[in-house]
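**Q** Contents are PDB, C-alpha atoms and all ligand atoms; file name input16.pdb:
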```pdb
ATOM      1  CA  MET H 772     -47.458   1.006-212.385
ATOM      2  CA  ASN H 773     -46.584   4.649-211.714
ATOM      3  CA  SER H 774     -43.645   4.165-209.326
ATOM      4  CA  GLU H 775     -42.898   7.883-209.115
ATOM      5  CA  GLN H 776     -46.335   8.651-207.743
ATOM      6  CA  SER H 777     -46.123   5.803-205.232
ATOM      7  CA  ILE H 778     -42.653   6.932-204.101
ATOM      8  CA  GLY H 779     -43.988  10.468-203.608
ATOM      9  CA  LEU H 780     -46.899   9.215-201.486
ATOM     10  CA  LEU H 781     -44.629   6.901-199.499
ATOM     11  CA  ASN H 782     -42.136   9.711-198.765
ATOM     12  CA  LYS H 783     -44.940  12.068-197.734
ATOM     13  CA  SER H 784     -46.048   9.358-195.319
ATOM     14  CA  VAL H 785     -42.517   8.905-193.940
ATOM     15  CA  ALA H 786     -42.564  12.652-193.117
ATOM     16  CA  ASP H 787     -45.947  12.241-191.431
ATOM     17  CA  GLU H 788     -44.742   9.275-189.372
ATOM     18  CA  LEU H 789     -41.530  11.048-188.327
ATOM     19  CA  ALA H 790     -43.595  14.044-187.153
ATOM     20  CA  ALA H 791     -45.669  11.632-185.047
ATOM     21  CA  VAL H 792     -42.517  10.014-183.588
ATOM     22  CA  HIS H 793     -41.173  13.454-182.571
ATOM     23  CA  GLN H 794     -44.501  14.698-181.193
ATOM     24  CA  TYR H 795     -45.268  11.530-179.223
ATOM     25  CA  MET H 796     -41.773  11.309-177.725
ATOM     26  CA  TYR H 797     -42.104  14.960-176.671
ATOM     27  CA  PHE H 798     -45.389  14.037-174.960
ATOM     28  CA  HIS H 799     -43.711  10.986-173.428
ATOM     29  CA  PHE H 800     -40.890  13.025-171.837
ATOM     30  CA  HIS H 801     -43.288  15.555-170.322
ATOM     31  CA  LEU H 802     -45.823  12.996-169.042
ATOM     32  CA  ASP H 803     -42.986  11.008-167.520
ATOM     33  CA  ASP H 804     -41.726  14.196-165.837
ATOM     34  CA  LEU H 805     -45.251  14.849-164.486
ATOM     35  CA  GLY H 806     -45.337  11.324-163.050
ATOM     36  CA  PHE H 807     -48.107  10.065-165.344
ATOM     37  CA  ALA H 808     -46.377   6.800-166.186
ATOM     38  CA  PRO H 809     -49.167   4.848-167.937
ATOM     39  CA  LEU H 810     -50.006   7.654-170.380
ATOM     40  CA  ALA H 811     -46.278   8.385-170.845
ATOM     41  CA  ASN H 812     -45.778   4.734-171.753
ATOM     42  CA  LEU H 813     -48.718   4.720-174.171
ATOM     43  CA  PHE H 814     -47.127   7.588-176.104
ATOM     44  CA  LYS H 815     -43.731   5.876-176.117
ATOM     45  CA  ARG H 816     -45.195   2.566-177.334
ATOM     46  CA  THR H 817     -47.119   4.399-180.044
ATOM     47  CA  ALA H 818     -43.997   6.347-181.114
ATOM     48  CA  ILE H 819     -42.155   3.024-181.491
ATOM     49  CA  MET H 820     -44.994   1.703-183.669
ATOM     50  CA  GLU H 821     -44.807   4.831-185.847
ATOM     51  CA  MET H 822     -41.071   4.187-186.231
ATOM     52  CA  GLY H 823     -41.984   0.695-187.461
ATOM     53  CA  HIS H 824     -44.250   2.389-190.010
ATOM     54  CA  VAL H 825     -41.309   4.531-191.187
ATOM     55  CA  GLU H 826     -39.327   1.327-191.711
ATOM     56  CA  ALA H 827     -42.097  -0.399-193.691
ATOM     57  CA  LEU H 828     -42.561   2.686-195.893
ATOM     58  CA  ALA H 829     -38.782   3.017-196.405
ATOM     59  CA  GLU H 830     -38.455  -0.626-197.470
ATOM     60  CA  ARG H 831     -41.165  -0.108-200.086
ATOM     61  CA  ILE H 832     -39.534   3.109-201.360
ATOM     62  CA  LEU H 833     -36.193   1.320-201.819
ATOM     63  CA  PHE H 834     -37.870  -1.618-203.564
ATOM     64  CA  LEU H 835     -39.390   0.884-206.015
ATOM     65  CA  LYS H 836     -35.845   2.299-206.569
ATOM     66  CA  GLY H 837     -36.562   5.594-204.873
ATOM     67  CA  ASP H 838     -34.758   7.126-201.915
ATOM     68  CA  VAL H 839     -36.059   7.842-198.441
ATOM     69  CA  GLN H 840     -36.140  11.582-197.842
ATOM     70  CA  MET H 841     -36.529  11.540-194.031
ATOM     71  CA  ALA H 842     -38.227  14.955-194.028
ATOM     72  CA  VAL H 843     -40.413  15.763-191.017
ATOM     73  CA  ALA H 844     -43.922  16.955-191.926
ATOM     74  CA  GLU H 845     -44.382  19.459-189.128
ATOM     75  CA  PRO H 846     -42.528  20.817-186.089
ATOM     76  CA  VAL H 847     -43.338  19.589-182.597
ATOM     77  CA  GLU H 848     -46.077  21.527-180.839
ATOM     78  CA  ALA H 849     -45.089  22.410-177.274
ATOM     79  CA  ILE H 850     -48.244  21.084-175.577
ATOM     80  CA  ILE H 851     -47.951  20.303-171.860
ATOM     81  CA  ASP H 852     -51.596  19.720-170.860
ATOM     82  CA  PRO H 853     -52.446  15.983-171.086
ATOM     83  CA  SER H 854     -55.981  16.519-172.482
ATOM     84  CA  LYS H 855     -54.593  18.830-175.171
ATOM     85  CA  MET H 856     -51.859  16.292-175.949
ATOM     86  CA  LEU H 857     -54.502  13.635-176.521
ATOM     87  CA  ALA H 858     -56.639  15.975-178.641
ATOM     88  CA  LYS H 859     -53.587  16.758-180.801
ATOM     89  CA  ALA H 860     -52.693  13.065-181.108
ATOM     90  CA  ILE H 861     -56.279  12.136-182.112
ATOM     91  CA  GLU H 862     -56.194  14.861-184.778
ATOM     92  CA  MET H 863     -52.851  13.551-186.094
ATOM     93  CA  GLU H 864     -54.111   9.951-186.250
ATOM     94  CA  GLN H 865     -57.296  11.005-188.053
ATOM     95  CA  GLY H 866     -55.226  12.981-190.562
ATOM     96  CA  SER H 867     -52.904  10.019-191.171
ATOM     97  CA  ALA H 868     -55.791   7.569-191.624
ATOM     98  CA  ARG H 869     -57.473   9.940-194.084
ATOM     99  CA  ASP H 870     -54.259  10.448-196.103
ATOM    100  CA  TYR H 871     -53.412   6.729-196.132
ATOM    101  CA  ASN H 872     -56.921   5.797-197.281
ATOM    102  CA  ARG H 873     -56.485   8.178-200.217
ATOM    103  CA  ALA H 874     -52.941   6.925-200.899
ATOM    104  CA  ALA H 875     -54.231   3.325-200.941
ATOM    105  CA  GLN H 876     -56.847   4.288-203.532
ATOM    106  CA  THR H 877     -54.263   6.075-205.702
ATOM    107  CA  CYS H 878     -51.803   3.155-205.519
ATOM    108  CA  GLY H 879     -54.629   0.725-206.342
ATOM    109  CA  ALA H 880     -55.582   2.803-209.388
ATOM    110  CA  ASN H 881     -51.892   2.730-210.458
ATOM    111  CA  ALA H 882     -51.744  -1.084-210.235
ATOM    112  CA  ASP H 883     -49.335  -0.893-207.263
ATOM    113  CA  ALA H 884     -51.083  -3.497-205.105
ATOM    114  CA  VAL H 885     -48.279  -3.885-202.548
ATOM    115  CA  SER H 886     -48.142  -0.167-201.692
ATOM    116  CA  LYS H 887     -51.956  -0.204-201.554
ATOM    117  CA  GLN H 888     -51.859  -3.056-199.031
ATOM    118  CA  LEU H 889     -49.204  -1.290-196.971
ATOM    119  CA  PHE H 890     -51.305   1.868-196.762
ATOM    120  CA  GLU H 891     -54.373  -0.182-195.835
ATOM    121  CA  ARG H 892     -52.470  -1.858-193.006
ATOM    122  CA  LEU H 893     -51.329   1.554-191.739
ATOM    123  CA  VAL H 894     -54.931   2.836-191.765
ATOM    124  CA  GLY H 895     -55.847  -0.024-189.421
ATOM    125  CA  ASP H 896     -52.948   0.769-187.080
ATOM    126  CA  GLU H 897     -53.687   4.523-186.998
ATOM    127  CA  GLU H 898     -57.365   3.895-186.250
ATOM    128  CA  GLY H 899     -56.232   1.643-183.385
ATOM    129  CA  HIS H 900     -54.035   4.458-182.023
ATOM    130  CA  GLN H 901     -56.893   6.921-182.373
ATOM    131  CA  ASN H 902     -59.128   4.562-180.429
ATOM    132  CA  GLU H 903     -56.622   4.253-177.563
ATOM    133  CA  PHE H 904     -56.107   8.029-177.344
ATOM    134  CA  GLU H 905     -59.871   8.621-177.407
ATOM    135  CA  ARG H 906     -60.355   6.170-174.546
ATOM    136  CA  GLN H 907     -57.760   8.018-172.443
ATOM    137  CA  LEU H 908     -59.315  11.409-173.198
ATOM    138  CA  GLU H 909     -62.752  10.036-172.356
ATOM    139  CA  ASN H 910     -61.468   8.789-168.984
ATOM    140  CA  ILE H 911     -59.933  12.181-168.160
ATOM    141  CA  ARG H 912     -63.302  13.792-168.964
ATOM    142  CA  ARG H 913     -65.225  11.250-166.875
ATOM    143  CA  PHE H 914     -62.960  11.067-163.845
ATOM    144  CA  GLY H 915     -61.157  14.414-164.013
ATOM    145  CA  PRO H 916     -57.423  15.113-164.417
ATOM    146  CA  SER H 917     -56.699  13.276-161.144
ATOM    147  CA  TYR H 918     -57.449  10.101-163.117
ATOM    148  CA  LEU H 919     -53.910  10.278-164.549
ATOM    149  CA  ALA H 920     -52.313  10.566-161.118
ATOM    150  CA  LEU H 921     -54.465   7.760-159.691
ATOM    151  CA  GLN H 922     -53.711   5.580-162.699
ATOM    152  CA  SER H 923     -49.989   6.151-162.076
ATOM    153  CA  PHE H 924     -50.416   5.398-158.362
ATOM    154  CA  GLY H 925     -52.069   2.089-159.250
ATOM    155  CA  ALA H 926     -49.275   1.232-161.662
ATOM    156  CA  ALA H 927     -46.610   2.179-159.116
ATOM    157  CA  THR H 928     -48.111   0.032-156.348
ATOM    158  CA  ALA H 929     -49.242  -2.928-158.455
ATOM    159  CA  PRO H 930     -47.142  -6.047-157.908
ATOM    160  CA  GLU H 931     -44.707  -6.914-160.686
ATOM    161  CA  PRO H 932     -46.143  -9.567-162.993
ATOM    162  CA  SER H 933     -44.688 -12.880-161.858
ATOM    163  CA  GLU H 934     -42.715 -14.915-164.349
ATOM    164  CA  THR H 935     -44.194 -18.317-164.926
TER     165      THR H 935
HETATM  166 FE    FE H1001     -48.145   5.472-188.275
HETATM  167 FE    FE H1002     -50.483   6.300-185.370
END
```
Once you've parsed the file, please lay out its structure as structure tokens.
Ligand SMILES: [Fe+2]
Ligand SMILES: [Fe+2]

**A**
Amino acid sequence: MNSEQSIGLLNKSVADELAAVHQYMYFHFHLDDLGFAPLANLFKRTAIMEMGHVEALAERILFLKGDVQMAVAEPVEAIIDPSKMLAKAIEMEQGSARDYNRAAQTCGANADAVSKQLFERLVGDEEGHQNEFERQLENIRRFGPSYLALQSFGAATAPEPSET
């Protein structure tokens, strides 16, 4: 097993995940400020999942006797328009899935099956995120930007789920 190569790929992925956490929380703050609660919450939930990915990657790096660099791959883009936020997020998820697919192949070729499995699991998660963001963007295109406001109105007036 080539641990050094795996550690390099894992740290590159930590940087990618941290960039997603920063970008999605930035989107969350602004959507919340605009009153678009459901989409704001989707970005917050996704950011929390990406933080879970950082943790899983970090645990693997430490097991391989490396250290977690905690670099951030790219600065936050100051996007305020919800459709553009979703387009950016879809692009980020596609990029992550592509990189993790390649990383899984490299780790597999290096006989590092556990890192390979981790990357494969992340590909599944990122494709799930991409799917959710695409659905939201599709709805904005179908129903217009007022969709976000109406969605928030529905959420604000819906009764609280009763505890059973
Ligand atoms: Fe992720
Ligand atoms: Fe993701």

**Q** Please provide the set of residues having any atom within 8 Å of segment 894-905 of chain H, restricted to only C-alpha atoms, with same-chain residues fewer than 2 positions apart removed, written as number ranges by chain.

**A** H: 817, 857, 860-861, 864-865, 867-869, 871-872, 890-892, 907-909

**Q** Run the PyMOL selection byres (((chain H and resi 875-878) around 8) and not hetatm) on the file and write out the hits as a PyMOL selection string.

**A** chain H and resi 777+871-874+879-884+886-891

**Q** Calculated over all atoms listed in the file, which of the candidates H:Leu802, H:Leu835, H:Ile911, H:Leu780 has the smallest distance to Asp870 of chain H?

**A**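 Selected residue with least distance to Asp870 of chain H: H:Leu780.
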
**Q** Extract, using only C-alpha atoms, all DNA, RNA and protein residues at most 12 Å from Leu833 of chain H, discarding same-chain residues fewer than 6 positions from it, and format them as a list in words.

**A**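 Near neighbours after the sequence-gap exclusion: Ser774, Glu775, Ser777, Ile778, Leu781, Asn782, Glu826, Ala827, Val839 and Gln840 of chain H.
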
**Q** Kindly work out which residues sit at most 8 Å from ligand FE 1001 (chain H), using all atoms listed in the file, and give the list as an MDAnalysis selection string.

**A** chainID H and resid 787:788 791 820:825 864 867 893 896:897

**Q** Need to verify the contact set: Arg816 of chain H, 10 Å, all atoms listed in the file, exclusion of same-chain residues closer than 6 positions in sequence. Can you return it as number ranges by chain?

**A** H: 795-796, 799, 810, 822

**Q** Find the smallest box with edges along x, y and z containing every listed atom of segment 878-888 of chain H, then add 5 Å on each side and report centre and edge lengths in Å to one decimal, as lines of an AutoDock Vina configuration file.

**A**
```
center_x = -51.9
center_y = -0.4
center_z = -204.7
size_x = 17.4
size_y = 17.0
size_z = 21.4
```

**Q** Residue by residue, what does the PyMOL selection byres (((chain H and resi 919) around 10) and not hetatm) grab here? Present the result as a ChimeraX atom specification.

**A** /H:802,805-810,853,907,910-911,914-918,920-925

**Q** If you measure from atom CA of Arg831 of chain H to atom CA of Gln794 of chain H, what distance in Å do you get, rounded to one decimal?

**A** 24.2 Å

**Q** Give me, please, the distance in Å between atom CA of Gly779 of chain H and atom CA of Gly866 of chain H, quoted to one decimal.

**A**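 Taking atom CA of Gly779 of chain H as the start and atom CA of Gly866 of chain H as the end point, the length is 17.4 Å.
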
**Q** Tell me which of H:Ala818, H:Asp852, H:Val785, H:Tyr797 sits closest to ligand FE 1002 (chain H), counting all atoms listed in the file.

**A**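 So, comparing all the options, the nearest one is H:Ala818.
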
**Q** Quick one: pull the distance between atom CA of Ala849 of chain H and atom CA of Phe798 of chain H, Å, one decimal.

**A**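 Distance between the two atoms: 8.7 Å.
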
**Q** Nearest to Asp803 of chain H among H:Ala829, H:Lys783, H:Val843, H:Lys815, with distances taken over all atoms listed in the file: which residue is it?

**A**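 When distances to Asp803 of chain H are compared using all atoms listed in the file, the smallest one comes from H:Lys815.
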
**Q** Taking only C-alpha atoms and all ligand atoms into account, name the residue in H:Gln776, H:Leu828, H:Ile819, H:Asp838 that is nearest to ligand FE 1002 (chain H).

**A** H:Ile819
